[in-house]
Amino acid sequence: MAKRYGFTSLEFHDEVRSEDRKNLKDLLFDIDLPINSMNVRMGETFGCAAIPELADRAREDIAEAGDIAEDIGASALHILAGITADPGALDTFLDTLRYALERVPLTILIEPVCHEQLAGYFLRSIDQAACIIDKINHPRLKIMFDCYHVFRESGDLESNFAAHADKIGHVQIANPPDRREPDEGEINYPYFFVTMDSAGYDGWVGCEYH
């Protein structure tokens with residue numbers, strides 16, 4: 001369907017873990033679309049990279065997903081922080097991301113997720129994500145800038161994108177208030193795309209909406 005309707009790349013959540021790898025690779029070869037990113041295992045906590053008591057599981061998930069990502073030719077791996085209010089979450093997340101950067105030779109993405117969509121998720125704001133990237137200071141660690149989440153959390157796409165453009169490695173689009181198609185809602189995407197171009201962004205734009 002993606003090929004038929006003119007998309008030029010694909011991204012996955014964590015569905016690849018349950019697919020027959022050979023069949024998937026054969027299909028990807030046939031349709032000739034690159035894989036721009038995929039997620040680590042999501043599970044009930046939506047990842048666990050920032051959950052101290054699941055730190056070992058997070059590393060296992062990263063190793064597994066990293067091997068799959070390399071095998072299918074994905075260019076980036078999204079590390080999900082998880083739902084947690086543990087005071088040690090930040091240190092755990094930093095340690096886990098450092099492990100991911102050592103273990104997986106791809107771009108590593110982190111995504112702020114708004115409270116409305118996922119209450120309790122550790123990584124909520126674009127500023128929080130930028131601070132984490134500054135602390136680690138690695139060229140392969142980037143922000144997945146989901147426009148819906150950033151808009152619902154901050155109300156301001158353009159200035160947030162411009163302020164953090166050098167840290168953004170992937171963009172996803174959807175329109176509030178119902179996470180619908182980009183032309184139906186509160187965000188003027190043609191205007192926002194001008195902001196992206198002006199900031200020098202030349203990465204992928206994924207369509208993640210209902």
# chains A, B, ... in the order shown; residues from 1 in each chain; ligands from 1

call {"tool": "residues_around", "arguments": {"residues": "A:Ile132", "least_positions_apart": "5", "cutoff": "12 Å", "atoms": "only C-alpha atoms", "output": "PyMOL selection string"}}
result
chain A and resi 50+81+89-98+109-112+123-127+137-138+141-143+167

call {"tool": "select_by_dssp", "arguments": {"residues": "stretch 61-198 of chain A", "states": "strand (DSSP E or B)", "output": "number ranges by chain"}}
result
A: 76-78, 81, 83, 107-110, 121, 141-146, 168-173, 175, 180

call {"tool": "select_by_dssp", "arguments": {"residues": "stretch 61-106 of chain A", "states": "alpha helix (DSSP H)", "output": "VMD selection string"}}
result
chain A and resid 61 to 72 89 to 103

call {"tool": "atom_distance", "arguments": {"atom1": "atom CA of A:Leu157", "atom2": "atom CA of A:Leu80"}}
result
21.8 Å

call {"tool": "residues_around", "arguments": {"residues": "A:Asp32", "least_positions_apart": "3", "cutoff": "10 Å", "atoms": "only C-alpha atoms", "output": "list of chain:residue names"}}
result
A:Lys3, A:Thr8, A:Ser9, A:Asp26, A:Leu27, A:Leu28, A:Phe29, A:Ile35

call {"tool": "write_last_selection", "arguments": {"atoms": "C-alpha atoms", "output": "short mmCIF file (atom, residue, chain, number, x, y, z; two decimals), in the first residue's frame"}}
result
data_model
loop_
_atom_site.label_atom_id
_atom_site.label_comp_id
_atom_site.auth_asym_id
_atom_site.auth_seq_id
_atom_site.Cartn_x
_atom_site.Cartn_y
_atom_site.Cartn_z
CA LYS A 3 4.47 1.70 -2.49
CA THR A 8 9.27 6.77 -0.55
CA SER A 9 10.22 5.05 2.71
CA ASP A 26 12.02 -10.48 0.57
CA LEU A 27 9.06 -8.09 0.52
CA LEU A 28 11.24 -5.08 1.28
CA PHE A 29 13.57 -6.09 -1.53
CA ILE A 35 13.36 1.68 6.27
#

call {"tool": "closest_atom_pairs", "arguments": {"of": "stretch 7-42 of chain A", "to": "stretch 198-206 of chain A", "cutoff": "9 Å", "atoms": "only C-alpha atoms", "output": "JSON lines"}}
result
{"residue": "A:Ser9", "atom": "CA", "partner": "A:Trp204", "partner_atom": "CA", "distance": 8.2}
{"residue": "A:Leu10", "atom": "CA", "partner": "A:Gly206", "partner_atom": "CA", "distance": 7.9}
{"residue": "A:Glu11", "atom": "CA", "partner": "A:Gly206", "partner_atom": "CA", "distance": 7.4}
{"residue": "A:Asn36", "atom": "CA", "partner": "A:Trp204", "partner_atom": "CA", "distance": 7.2}

call {"tool": "atom_distance", "arguments": {"atom1": "atom CA of A:Phe145", "atom2": "atom CA of A:Phe193"}}
result
13.0 Å

call {"tool": "atom_distance", "arguments": {"atom1": "atom CA of A:Ile72", "atom2": "atom CA of A:Tyr148"}}
result
28.0 Å

call {"tool": "residues_around", "arguments": {"residues": "A:Arg41", "least_positions_apart": "4", "cutoff": "7 Å", "atoms": "only C-alpha atoms", "output": "mmCIF file with C-alpha atoms, in the first residue's frame"}}
result
data_model
loop_
_atom_site.group_PDB
_atom_site.id
_atom_site.type_symbol
_atom_site.label_atom_id
_atom_site.label_comp_id
_atom_site.auth_asym_id
_atom_site.auth_seq_id
_atom_site.Cartn_x
_atom_site.Cartn_y
_atom_site.Cartn_z
ATOM 1 C CA ASP A 14 7.923 -2.910 16.953
ATOM 2 C CA GLY A 47 9.455 0.888 26.385
ATOM 3 C CA ASP A 61 15.474 -4.994 23.992
#

call {"tool": "residues_around", "arguments": {"residues": "A:Glu208", "least_positions_apart": "3", "cutoff": "10 Å", "atoms": "only C-alpha atoms", "output": "number ranges by chain"}}
result
A: 11, 146-148, 171-175, 179-182, 205

call {"tool": "residues_around", "arguments": {"residues": "A:Met42", "least_positions_apart": "5", "cutoff": "12 Å", "atoms": "only C-alpha atoms", "output": "number ranges by chain"}}
result
A: 12-17, 47-49, 57-58, 61-62, 65, 78-83
